[in-house]
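Raw contents of input-v9.cif, mmCIF, C-alpha atoms and all ligand atoms:
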data_my_file
#
loop_
_atom_site.label_atom_id
_atom_site.label_comp_id
_atom_site.auth_asym_id
_atom_site.auth_seq_id
_atom_site.Cartn_x
_atom_site.Cartn_y
_atom_site.Cartn_z
CA MET A 1 -12.01 -25.91 -32.47
CA GLN A 2 -14.63 -28.46 -33.40
CA THR A 3 -11.99 -30.71 -34.94
CA ALA A 4 -9.62 -30.38 -31.97
CA SER A 5 -12.22 -31.28 -29.39
CA THR A 6 -13.47 -34.22 -31.47
CA ASP A 7 -9.91 -35.48 -31.68
CA VAL A 8 -9.46 -35.22 -27.90
CA VAL A 9 -12.69 -37.13 -27.27
CA ARG A 10 -11.64 -39.79 -29.77
CA ARG A 11 -8.27 -40.25 -28.03
CA ILE A 12 -9.88 -40.45 -24.58
CA ASN A 13 -12.43 -43.01 -25.81
CA ARG A 14 -9.65 -45.06 -27.38
CA ARG A 15 -7.79 -45.13 -24.04
CA VAL A 16 -10.95 -46.14 -22.17
CA VAL A 17 -11.50 -49.05 -24.57
CA LEU A 18 -7.82 -50.12 -24.46
CA ASN A 19 -7.85 -50.09 -20.65
CA LEU A 20 -11.08 -52.08 -20.44
CA ILE A 21 -9.59 -54.75 -22.72
CA ARG A 22 -6.32 -54.68 -20.73
CA THR A 23 -7.94 -55.10 -17.32
CA ARG A 24 -10.61 -57.64 -18.36
CA GLN A 25 -8.27 -59.61 -20.69
CA THR A 26 -11.07 -60.73 -23.00
CA LEU A 27 -14.46 -59.21 -23.61
CA SER A 28 -16.94 -58.65 -26.41
CA ARG A 29 -17.96 -55.43 -28.14
CA ALA A 30 -21.33 -55.59 -26.36
CA GLU A 31 -19.60 -55.78 -22.96
CA LEU A 32 -17.36 -52.87 -23.95
CA ALA A 33 -20.41 -50.78 -24.80
CA ARG A 34 -22.14 -51.68 -21.53
CA LEU A 35 -19.05 -51.04 -19.34
CA SER A 36 -18.01 -47.80 -21.05
CA GLY A 37 -21.45 -46.34 -21.62
CA MET A 38 -20.50 -45.63 -25.25
CA GLN A 39 -22.71 -46.33 -28.27
CA ARG A 40 -22.23 -49.69 -30.00
CA SER A 41 -21.35 -47.84 -33.22
CA THR A 42 -18.63 -45.79 -31.44
CA ILE A 43 -17.19 -48.97 -29.90
CA SER A 44 -17.15 -50.69 -33.30
CA LEU A 45 -15.22 -47.81 -34.87
CA ILE A 46 -12.64 -47.70 -32.07
CA VAL A 47 -12.21 -51.48 -32.06
CA GLU A 48 -11.69 -51.56 -35.85
CA GLU A 49 -9.02 -48.87 -35.47
CA LEU A 50 -7.28 -50.76 -32.62
CA ILE A 51 -7.33 -53.98 -34.66
CA GLY A 52 -5.92 -52.07 -37.66
CA ASP A 53 -3.13 -50.66 -35.47
CA GLU A 54 -2.42 -54.20 -34.18
CA TRP A 55 -3.09 -53.33 -30.54
CA VAL A 56 -6.07 -55.66 -30.28
CA LEU A 57 -6.80 -59.16 -31.62
CA GLU A 58 -10.14 -60.84 -32.21
CA GLY A 59 -11.33 -64.31 -31.34
CA PRO A 60 -12.00 -66.96 -30.29
CA ARG A 61 -15.78 -66.80 -30.54
CA GLY A 62 -17.74 -67.23 -27.34
CA ARG A 63 -21.10 -68.90 -26.81
CA LEU A 64 -24.18 -67.32 -25.33
CA PRO A 65 -27.69 -68.75 -24.89
CA ARG A 66 -30.08 -68.39 -27.85
CA GLY A 67 -27.38 -68.87 -30.47
CA ARG A 68 -25.64 -65.49 -30.35
CA ARG A 69 -21.86 -65.90 -30.77
CA PRO A 70 -19.94 -62.74 -29.84
CA THR A 71 -16.28 -62.35 -30.79
CA PHE A 72 -13.94 -61.75 -27.89
CA LEU A 73 -11.23 -59.10 -27.95
CA ARG A 74 -7.84 -59.18 -26.28
CA LEU A 75 -4.55 -57.25 -26.37
CA ASN A 76 -2.08 -58.36 -29.02
CA GLU A 77 0.64 -60.26 -27.11
CA GLU A 78 2.96 -59.95 -30.11
CA ARG A 79 3.48 -56.34 -29.03
CA VAL A 80 6.37 -56.41 -26.56
CA ILE A 81 8.38 -54.10 -24.33
CA ILE A 82 12.05 -54.28 -23.34
CA GLY A 83 12.58 -53.43 -19.67
CA VAL A 84 15.95 -52.49 -18.19
CA ASP A 85 16.42 -52.23 -14.43
CA ILE A 86 19.77 -50.66 -13.55
CA ARG A 87 20.90 -51.08 -9.95
CA PRO A 88 24.34 -50.28 -8.52
CA THR A 89 25.47 -53.90 -8.57
CA LEU A 90 23.12 -55.70 -10.94
CA THR A 91 21.35 -54.76 -14.18
CA THR A 92 18.44 -56.82 -15.50
CA VAL A 93 17.24 -56.75 -19.10
CA ALA A 94 13.86 -58.35 -19.73
CA LEU A 95 11.24 -58.82 -22.41
CA ALA A 96 7.54 -58.51 -21.54
CA ASP A 97 4.30 -58.50 -23.50
CA VAL A 98 1.67 -55.77 -23.24
CA ASN A 99 -0.09 -57.68 -20.46
CA GLY A 100 3.05 -57.43 -18.32
CA ARG A 101 3.91 -61.10 -18.68
CA PHE A 102 7.67 -61.59 -18.74
CA LEU A 103 8.95 -63.74 -21.59
CA SER A 104 12.65 -63.64 -20.75
CA GLN A 105 15.12 -61.92 -18.48
CA GLU A 106 18.87 -61.88 -17.99
CA ALA A 107 21.12 -60.22 -15.46
CA LEU A 108 24.61 -58.74 -15.73
CA ALA A 109 26.96 -57.06 -13.28
CA THR A 110 26.51 -53.28 -13.68
CA PRO A 111 29.73 -51.78 -15.11
CA GLY A 112 31.15 -49.00 -12.92
CA GLN A 113 31.39 -46.44 -15.72
CA ALA A 114 28.24 -45.06 -17.33
CA GLU A 115 29.61 -45.42 -20.90
CA ALA A 116 30.43 -49.10 -20.38
CA ALA A 117 27.01 -49.70 -18.82
CA ILE A 118 25.27 -48.05 -21.77
CA ASP A 119 27.27 -50.20 -24.23
CA ALA A 120 26.41 -53.37 -22.29
CA VAL A 121 22.70 -52.50 -22.22
CA ILE A 122 22.70 -51.70 -25.96
CA ALA A 123 24.31 -55.09 -26.72
CA ARG A 124 21.60 -56.92 -24.70
CA ILE A 125 18.80 -54.93 -26.35
CA ARG A 126 20.19 -55.74 -29.81
CA ASN A 127 20.23 -59.44 -28.93
CA LEU A 128 16.59 -59.23 -27.94
CA GLN A 129 15.73 -57.34 -31.14
CA ALA A 130 17.35 -60.12 -33.19
CA ARG A 131 15.35 -62.77 -31.29
CA CYS A 132 12.07 -60.83 -31.60
CA ALA A 133 11.63 -60.97 -35.38
CA GLY A 134 7.90 -60.92 -36.04
CA LYS A 135 7.07 -59.10 -32.82
CA LYS A 136 6.54 -55.36 -32.57
CA ILE A 137 8.83 -53.84 -29.92
CA GLU A 138 6.96 -50.90 -28.43
CA GLY A 139 9.97 -49.33 -26.73
CA VAL A 140 12.51 -49.58 -23.93
CA GLY A 141 11.64 -48.68 -20.33
CA ILE A 142 14.55 -48.02 -17.98
CA SER A 143 14.33 -47.99 -14.19
CA LEU A 144 17.13 -46.13 -12.40
CA PRO A 145 18.53 -45.85 -8.86
CA GLY A 146 18.38 -42.04 -8.85
CA ARG A 147 16.54 -39.15 -10.43
CA VAL A 148 15.89 -38.13 -14.02
CA ASP A 149 15.34 -34.46 -14.80
CA PRO A 150 11.90 -34.37 -16.48
CA VAL A 151 12.95 -31.44 -18.71
CA SER A 152 16.45 -32.43 -19.90
CA ARG A 153 15.61 -36.18 -19.50
CA ARG A 154 19.16 -36.70 -18.24
CA PHE A 155 20.05 -38.92 -15.31
CA VAL A 156 21.13 -36.24 -12.83
CA PHE A 157 21.33 -37.77 -9.35
CA ALA A 158 22.77 -41.21 -8.63
CA PRO A 159 24.78 -41.18 -5.40
CA ASN A 160 24.95 -44.99 -5.15
CA LEU A 161 26.16 -45.38 -8.74
CA GLY A 162 28.53 -42.43 -8.82
CA TRP A 163 27.39 -41.39 -12.33
CA ARG A 164 26.89 -37.70 -13.01
CA ASP A 165 24.57 -36.03 -15.47
CA VAL A 166 24.31 -38.92 -17.94
CA ASP A 167 22.31 -39.05 -21.17
CA LEU A 168 21.07 -42.66 -21.42
CA GLU A 169 18.18 -42.00 -23.77
CA GLY A 170 20.19 -40.47 -26.67
CA PRO A 171 22.79 -43.24 -27.23
CA ILE A 172 20.40 -46.16 -26.53
CA SER A 173 17.70 -44.78 -28.80
CA ALA A 174 20.23 -43.99 -31.58
CA ALA A 175 21.82 -47.47 -31.41
CA THR A 176 18.57 -49.46 -31.31
CA GLY A 177 16.07 -47.26 -33.17
CA LEU A 178 13.66 -47.72 -30.25
CA ASP A 179 11.85 -45.14 -28.12
CA VAL A 180 13.35 -44.97 -24.64
CA GLU A 181 11.45 -44.00 -21.47
CA LEU A 182 13.31 -43.68 -18.20
CA ASP A 183 12.48 -42.84 -14.62
CA ASN A 184 13.48 -43.38 -11.04
CA ALA A 185 12.81 -46.95 -9.86
CA ALA A 186 10.43 -45.87 -7.10
CA ASN A 187 8.40 -43.70 -9.50
CA GLY A 188 8.14 -46.63 -11.92
CA CYS A 189 7.09 -48.91 -9.06
CA ALA A 190 4.43 -46.42 -7.94
CA LEU A 191 2.95 -46.40 -11.45
CA ALA A 192 3.16 -50.21 -11.63
CA GLU A 193 1.47 -50.60 -8.26
CA GLU A 194 -1.44 -48.56 -9.58
CA TRP A 195 -1.42 -50.43 -12.91
CA PHE A 196 -0.93 -54.07 -11.85
CA GLY A 197 -1.58 -53.89 -8.09
CA GLN A 198 -4.20 -56.06 -6.46
CA HIS A 199 -5.52 -53.28 -4.25
CA ALA A 200 -8.05 -50.75 -5.50
CA PRO A 201 -6.08 -47.73 -6.72
CA GLU A 202 -5.49 -45.24 -3.91
CA ARG A 203 -5.36 -41.47 -4.26
CA HIS A 204 -2.35 -41.12 -1.94
CA LEU A 205 0.26 -43.82 -2.26
CA VAL A 206 3.95 -43.81 -1.40
CA VAL A 207 6.25 -46.55 -2.70
CA VAL A 208 9.49 -46.96 -0.77
CA THR A 209 12.25 -48.90 -2.53
CA VAL A 210 14.82 -50.35 -0.16
CA SER A 211 18.06 -51.72 -1.58
CA GLU A 212 21.55 -50.17 -1.68
CA GLY A 213 19.76 -46.90 -0.93
CA ILE A 214 16.20 -45.78 -0.17
CA GLY A 215 13.97 -43.88 -2.60
CA ALA A 216 10.31 -42.98 -2.72
CA GLY A 217 7.75 -42.66 -5.48
CA ILE A 218 4.92 -40.39 -4.38
CA LEU A 219 1.40 -40.43 -5.81
CA LEU A 220 -0.55 -37.57 -4.26
CA ASP A 221 -4.15 -37.01 -5.35
CA GLY A 222 -3.43 -39.68 -7.96
CA LYS A 223 -0.56 -37.72 -9.52
CA LEU A 224 3.14 -38.54 -9.44
CA ALA A 225 5.02 -35.83 -7.54
CA ARG A 226 8.24 -34.92 -9.37
CA GLY A 227 9.34 -31.61 -7.91
CA LEU A 228 12.11 -29.32 -9.10
CA ASN A 229 14.57 -31.19 -11.38
CA GLY A 230 12.64 -34.41 -10.69
CA MET A 231 14.16 -34.63 -7.21
CA ALA A 232 10.94 -35.24 -5.21
CA GLY A 233 11.07 -38.51 -3.26
CA GLU A 234 14.77 -38.51 -2.30
CA ILE A 235 13.67 -39.17 1.25
CA GLY A 236 16.59 -41.57 1.82
CA HIS A 237 18.75 -38.45 2.06
CA VAL A 238 16.85 -36.75 4.86
CA PRO A 239 19.45 -36.31 7.62
CA VAL A 240 18.61 -38.32 10.73
CA ASP A 241 21.87 -37.60 12.59
CA PRO A 242 24.24 -34.86 11.35
CA ALA A 243 27.09 -36.62 13.19
CA GLY A 244 26.32 -40.00 11.61
CA PRO A 245 28.29 -42.01 9.01
CA LEU A 246 29.03 -40.47 5.60
CA CYS A 247 26.42 -41.10 2.88
CA GLY A 248 27.00 -41.54 -0.86
CA CYS A 249 25.39 -38.11 -1.40
CA GLY A 250 28.21 -36.39 0.52
CA CYS A 251 26.16 -35.60 3.66
CA ARG A 252 26.30 -37.36 7.01
CA GLY A 253 23.72 -39.48 8.77
CA CYS A 254 21.08 -39.72 6.01
CA TRP A 255 18.12 -42.08 6.70
CA GLU A 256 19.40 -44.61 4.14
CA VAL A 257 22.69 -44.91 5.99
CA TYR A 258 20.65 -46.48 8.83
CA ALA A 259 17.88 -48.32 7.03
CA SER A 260 19.15 -49.64 3.67
CA ASN A 261 20.39 -53.17 2.92
CA GLN A 262 23.95 -51.84 3.28
CA ALA A 263 23.09 -50.62 6.79
CA ALA A 264 22.03 -54.13 7.90
CA LEU A 265 25.26 -55.57 6.46
CA ARG A 266 27.22 -52.93 8.39
CA TYR A 267 25.34 -53.77 11.61
CA TYR A 268 26.20 -57.43 11.05
CA GLY A 269 29.84 -56.51 10.57
CA SER A 270 30.59 -58.46 7.41
CA ALA A 271 31.50 -56.56 4.24
CA ASP A 272 31.67 -59.51 1.84
CA LEU A 273 28.14 -60.82 2.44
CA THR A 274 25.13 -60.10 0.22
CA PHE A 275 21.82 -58.99 1.72
CA ALA A 276 20.18 -62.22 0.48
CA GLU A 277 22.82 -64.20 2.39
CA LEU A 278 22.15 -62.14 5.50
CA LEU A 279 18.41 -62.95 5.24
CA GLN A 280 19.31 -66.61 4.87
CA ARG A 281 21.58 -66.58 7.94
CA ALA A 282 18.77 -65.02 9.98
CA ASP A 283 16.39 -67.75 8.80
CA GLN A 284 18.95 -70.36 9.86
CA GLY A 285 18.93 -68.96 13.38
CA ASP A 286 22.03 -66.71 13.35
CA SER A 287 21.06 -64.35 16.20
CA ARG A 288 23.47 -61.59 15.11
CA ALA A 289 21.88 -61.62 11.66
CA VAL A 290 18.41 -61.38 13.25
CA GLU A 291 19.58 -58.44 15.38
CA ALA A 292 21.07 -56.61 12.38
CA LEU A 293 17.86 -57.01 10.35
CA GLU A 294 15.65 -55.95 13.25
CA LYS A 295 17.76 -52.83 13.76
CA MET A 296 17.35 -52.01 10.05
CA ALA A 297 13.56 -52.60 10.34
CA HIS A 298 13.29 -50.24 13.33
CA HIS A 299 15.12 -47.51 11.41
CA LEU A 300 12.94 -48.09 8.36
CA GLY A 301 9.73 -47.77 10.35
CA HIS A 302 11.04 -44.80 12.29
CA GLY A 303 11.95 -42.93 9.10
CA MET A 304 8.55 -43.66 7.58
CA ARG A 305 7.05 -41.37 10.20
CA LEU A 306 8.44 -38.57 8.05
CA ILE A 307 6.38 -39.84 5.14
CA VAL A 308 3.26 -40.18 7.29
CA ALA A 309 3.60 -36.72 8.81
CA ALA A 310 4.49 -34.98 5.56
CA LEU A 311 2.26 -36.75 3.03
CA ALA A 312 -0.44 -38.69 4.98
CA PRO A 313 -0.71 -41.51 2.41
CA ASP A 314 -3.48 -44.16 2.37
CA ARG A 315 -0.81 -46.79 1.98
CA ILE A 316 2.97 -47.24 1.94
CA VAL A 317 4.22 -50.03 -0.33
CA VAL A 318 7.65 -51.44 0.43
CA ILE A 319 9.73 -52.89 -2.40
CA GLY A 320 13.04 -54.71 -2.07
CA ASP A 321 14.70 -57.97 -1.04
CA LEU A 322 13.49 -57.46 2.55
CA THR A 323 9.89 -58.21 1.47
CA ARG A 324 10.95 -61.89 1.13
CA SER A 325 11.21 -61.86 4.89
CA TRP A 326 8.14 -59.69 5.57
CA GLU A 327 7.08 -61.69 8.64
CA ARG A 328 10.30 -60.41 10.22
CA PHE A 329 10.15 -56.80 8.96
CA GLY A 330 6.42 -56.07 8.63
CA PRO A 331 5.37 -56.07 12.31
CA ILE A 332 8.37 -53.94 13.40
CA ILE A 333 7.79 -51.37 10.66
CA GLU A 334 4.03 -51.21 11.32
CA ASN A 335 4.56 -50.71 15.06
CA GLU A 336 7.04 -47.90 14.44
CA VAL A 337 4.71 -46.19 11.97
CA ARG A 338 1.66 -46.52 14.25
CA ALA A 339 3.55 -45.35 17.33
CA GLN A 340 3.66 -41.76 16.24
CA VAL A 341 0.91 -40.87 13.83
CA PRO A 342 0.15 -37.19 14.37
CA ARG A 343 -2.98 -36.67 16.49
CA GLY A 344 -6.08 -36.68 14.32
CA GLY A 345 -4.31 -38.69 11.63
CA THR A 346 -4.81 -42.29 10.58
CA ALA A 347 -1.93 -44.73 10.25
CA PRO A 348 -1.49 -45.85 6.64
CA LEU A 349 -1.42 -49.50 5.66
CA VAL A 350 2.16 -50.69 5.14
CA THR A 351 2.35 -53.58 2.66
CA PRO A 352 5.03 -55.39 0.67
CA ALA A 353 4.81 -55.11 -3.13
CA HIS A 354 2.36 -57.67 -4.44
CA GLU A 355 4.92 -59.75 -6.28
CA ASP A 356 8.35 -60.12 -4.84
CA GLY A 357 11.30 -59.23 -7.00
CA MET A 358 9.51 -58.15 -10.19
CA ALA A 359 8.20 -54.73 -9.13
CA ARG A 360 11.01 -52.71 -10.71
CA LEU A 361 10.70 -54.58 -14.01
CA ARG A 362 6.92 -54.11 -14.01
CA GLY A 363 7.62 -50.41 -13.58
CA THR A 364 9.69 -50.38 -16.79
CA VAL A 365 6.73 -51.86 -18.71
CA VAL A 366 4.35 -49.19 -17.41
CA LEU A 367 6.81 -46.40 -18.31
CA VAL A 368 6.45 -47.45 -21.95
CA LEU A 369 2.75 -48.39 -22.00
CA GLN A 370 1.40 -45.32 -20.24
CA LYS A 371 1.95 -43.32 -23.44
CA HIS A 372 -0.80 -45.37 -25.09
CA PHE A 373 -3.01 -46.31 -22.18
CA GLY A 374 -2.71 -43.18 -20.06
CA ARG A 375 -2.59 -43.48 -16.32
CA ALA A 376 -4.71 -46.05 -14.53
CA LEU A 377 -6.31 -43.33 -12.39
CA GLY A 378 -6.51 -40.83 -15.22
ZN ZN B 401 22.53 -39.05 1.63
#
How does this structure look as structure tokens?
Amino acid sequence: MQTASTDVVRRINRRVVLNLIRTRQTLSRAELARLSGMQRSTISLIVEELIGDEWVLEGPRGRLPRGRRPTFLRLNEERVIIGVDIRPTLTTVALADVNGRFLSQEALATPGQAEAAIDAVIARIRNLQARCAGKKIEGVGISLPGRVDPVSRRFVFAPNLGWRDVDLEGPISAATGLDVELDNAANGCALAEEWFGQHAPERHLVVVTVSEGIGAGILLDGKLARGLNGMAGEIGHVPVDPAGPLCGCGCRGCWEVYASNQAALRYYGSADLTFAELLQRADQGDSRAVEALEKMAHHLGHGMRLIVAALAPDRIVVIGDLTRSWERFGPIIENEVRAQVPRGGTAPLVTPAHEDGMARLRGTVVLVLQKHFGRALG
């Protein structure tokens, strides 16, 4: 018992030190001791171990008054993560360091069949491995437009991809020799928002990803809600109108049929346009494009009332191409959300993700790093 509890304390202390170095970028052993409340001797032992494991690097030396010259510590940027963001049309494969700085990224059209997509991703990962000689690749994080069963770790629900019950982890791990972590894009984004976000971490946070479909990542009391078979957060498939258009999930009139990027394109009436092009047309003064986007925004805000009533979050973070045009979407969504907060409740803040376009990839980095650093909120 004594040994077990000592080991647990040692692991917790190691995580505390790693996270202090991660969030402060550089600091000395003395600052670590002061901020953590640990003894200088304990800090020295942990730091030596982290340097030995090549998580932390020393230097350069700083200067303080009266001649003392402490050595500064930082995370080892030669430790890298491969992030893969699979979306129905586009897949992005990127390389990032442990600080979440992206070193490279490339995009490919997502193959329609799961097997072909897995082969394409493996080929890109192998290229990166060949180019990363000398760096330590910590693992592969994969962000998915659907749900992963936390027990079987298989990709079980992907209505906008049309894949069924796919094992991505097995073949990718076998072909590359790397550890693979995978999760729903919104869950990854929720973790990343907590990890890299510029707001103080909130206890109750809902991330809503809006693209071909709509998904949610739910942090309640600081914990990610997964639910049975990992299906918590599939709020895009709440039926809004049972007589509405058919959804990819097989039901009719789901929220995402009215409020996703595809919905705005349908309102506009042009099938061969991308959502980015629709945003551009609205910016150029195309009034039909403005109308289509405003209709989408109203439906988005209206559907978020479900989230407010059911989960009462501090904040809702919106992720997707629409955040590039937040001055158009933000006010409409906020008005809709505020219009019907249950009596006695407080309307949550609704904000776009802090850095446009990279949120899903940041999520892939956190999926891999959280094994070593733990969760930001603990
Ligand atoms: Zn649906």
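Using only C-alpha atoms, the protein and nucleic acid residues lying no more than 10 Å from A:Leu279, apart from those fewer than 6 places from it along its own chain, are Ala264, Asp286, Ala289, Val290, Ala292, Leu293, Asp321, Leu322, Arg324, Ser325 and Arg328 of chain A.
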Inset, instruction - Just the residues within 10 Å of A:Gly248, please, counting all atoms listed in the file, with nothing from its chain fewer than 3 positions along; format it as a VMD selection string. - result: chain A and resid 158 to 162 213 237 245 251 to 252 254 256 to 257
Write out, as a compact mmCIF listing (two decimals), in the frame of the given file, the residues just selected, with C-alpha atoms.
# COMPACT_ATOMS: atom_id res chain seq x y z
CA ALA A 158 22.77 -41.21 -8.63
CA PRO A 159 24.78 -41.18 -5.40
CA ASN A 160 24.95 -44.99 -5.15
CA LEU A 161 26.16 -45.38 -8.74
CA GLY A 162 28.53 -42.43 -8.82
CA GLY A 213 19.76 -46.90 -0.93
CA HIS A 237 18.75 -38.45 2.06
CA PRO A 245 28.29 -42.01 9.01
CA CYS A 251 26.16 -35.60 3.66
CA ARG A 252 26.30 -37.36 7.01
CA CYS A 254 21.08 -39.72 6.01
CA GLU A 256 19.40 -44.61 4.14
CA VAL A 257 22.69 -44.91 5.99
Legend entry - Two-atom distance - atom CA of A:Ala185, atom CA of A:Leu144 (Å):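 Between atom CA of A:Ala185 and atom CA of A:Leu144 the gap works out to 5.1 Å.
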Inset, instruction - Counting all atoms listed in the file, find the residues whose atoms lie at most 9 Å from (21.8, -56.9, -8.0) (file coordinates) and write them out as a ChimeraX atom specification. - result: /A:86-92,107-110
Legend entry - atom CA of A:Gly83 to atom CA of A:Val140, straight-line distance in Å: 5.7 Å
Legend entry - Contacts of A:Leu300 within 8 Å, only C-alpha atoms, excl. fewer than 2 positions in-chain, as an MDAnalysis selection string: chainID A and resid 258:260 296:298 302:304 333
So that I have them on file, write out the residues from the current selection with C-alpha atoms, as a CSV table (one decimal), keeping the file's coordinate frame.
chain,number,residue,atom,x,y,z
A,258,TYR,CA,20.6,-46.5,8.8
A,259,ALA,CA,17.9,-48.3,7.0
A,260,SER,CA,19.2,-49.6,3.7
A,296,MET,CA,17.4,-52.0,10.0
A,297,ALA,CA,13.6,-52.6,10.3
A,298,HIS,CA,13.3,-50.2,13.3
A,302,HIS,CA,11.0,-44.8,12.3
A,303,GLY,CA,12.0,-42.9,9.1
A,304,MET,CA,8.6,-43.7,7.6
A,333,ILE,CA,7.8,-51.4,10.7
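Proximity to A:Ala174 was assessed for A:Asp149, A:Asp314, A:Glu336, A:Asp119 counting all atoms listed in the file; the smallest distance is recorded for A:Asp119.
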Excluding same-chain residues fewer than 2 positions from A:Gly177, what lies within 12 Å of it counting all atoms listed in the file, as a PDB file with C-alpha atoms, in the frame of the given file?
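The result, written out as around-v8.pdb:
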ATOM      1  CA  ILE A 122      22.700 -51.700 -25.960  1.00  0.00           C
ATOM      2  CA  ILE A 125      18.800 -54.930 -26.350  1.00  0.00           C
ATOM      3  CA  ARG A 126      20.190 -55.740 -29.810  1.00  0.00           C
ATOM      4  CA  GLN A 129      15.730 -57.340 -31.140  1.00  0.00           C
ATOM      5  CA  ILE A 137       8.830 -53.840 -29.920  1.00  0.00           C
ATOM      6  CA  GLU A 138       6.960 -50.900 -28.430  1.00  0.00           C
ATOM      7  CA  GLY A 139       9.970 -49.330 -26.730  1.00  0.00           C
ATOM      8  CA  VAL A 140      12.510 -49.580 -23.930  1.00  0.00           C
ATOM      9  CA  GLU A 169      18.180 -42.000 -23.770  1.00  0.00           C
ATOM     10  CA  GLY A 170      20.190 -40.470 -26.670  1.00  0.00           C
ATOM     11  CA  PRO A 171      22.790 -43.240 -27.230  1.00  0.00           C
ATOM     12  CA  ILE A 172      20.400 -46.160 -26.530  1.00  0.00           C
ATOM     13  CA  SER A 173      17.700 -44.780 -28.800  1.00  0.00           C
ATOM     14  CA  ALA A 174      20.230 -43.990 -31.580  1.00  0.00           C
ATOM     15  CA  ALA A 175      21.820 -47.470 -31.410  1.00  0.00           C
ATOM     16  CA  ASP A 179      11.850 -45.140 -28.120  1.00  0.00           C
ATOM     17  CA  VAL A 180      13.350 -44.970 -24.640  1.00  0.00           C
TER      18      VAL A 180
END
Legend entry - Nearest candidate to ligand ZN 401 (chain B) (options A:Phe196, A:Tyr268, A:Phe157, A:Trp163; using all atoms listed in the file):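 Closest to ligand ZN 401 (chain B) of all the choices is A:Phe157.
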Legend entry - 8 Å contact set for stretch 67-81 of chain A, all atoms listed in the file, chain neighbours under 2 positions out, as number ranges by chain: A: 21-22, 25-29, 54-65, 83, 95-99, 134-141, 365, 368
Inset, instruction - To one decimal in Å, tell me the separation between atom CA of A:Arg360 and atom CA of A:Ala114. - result: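 Pair atom CA of A:Arg360 / atom CA of A:Ala114 returns 20.0 Å.
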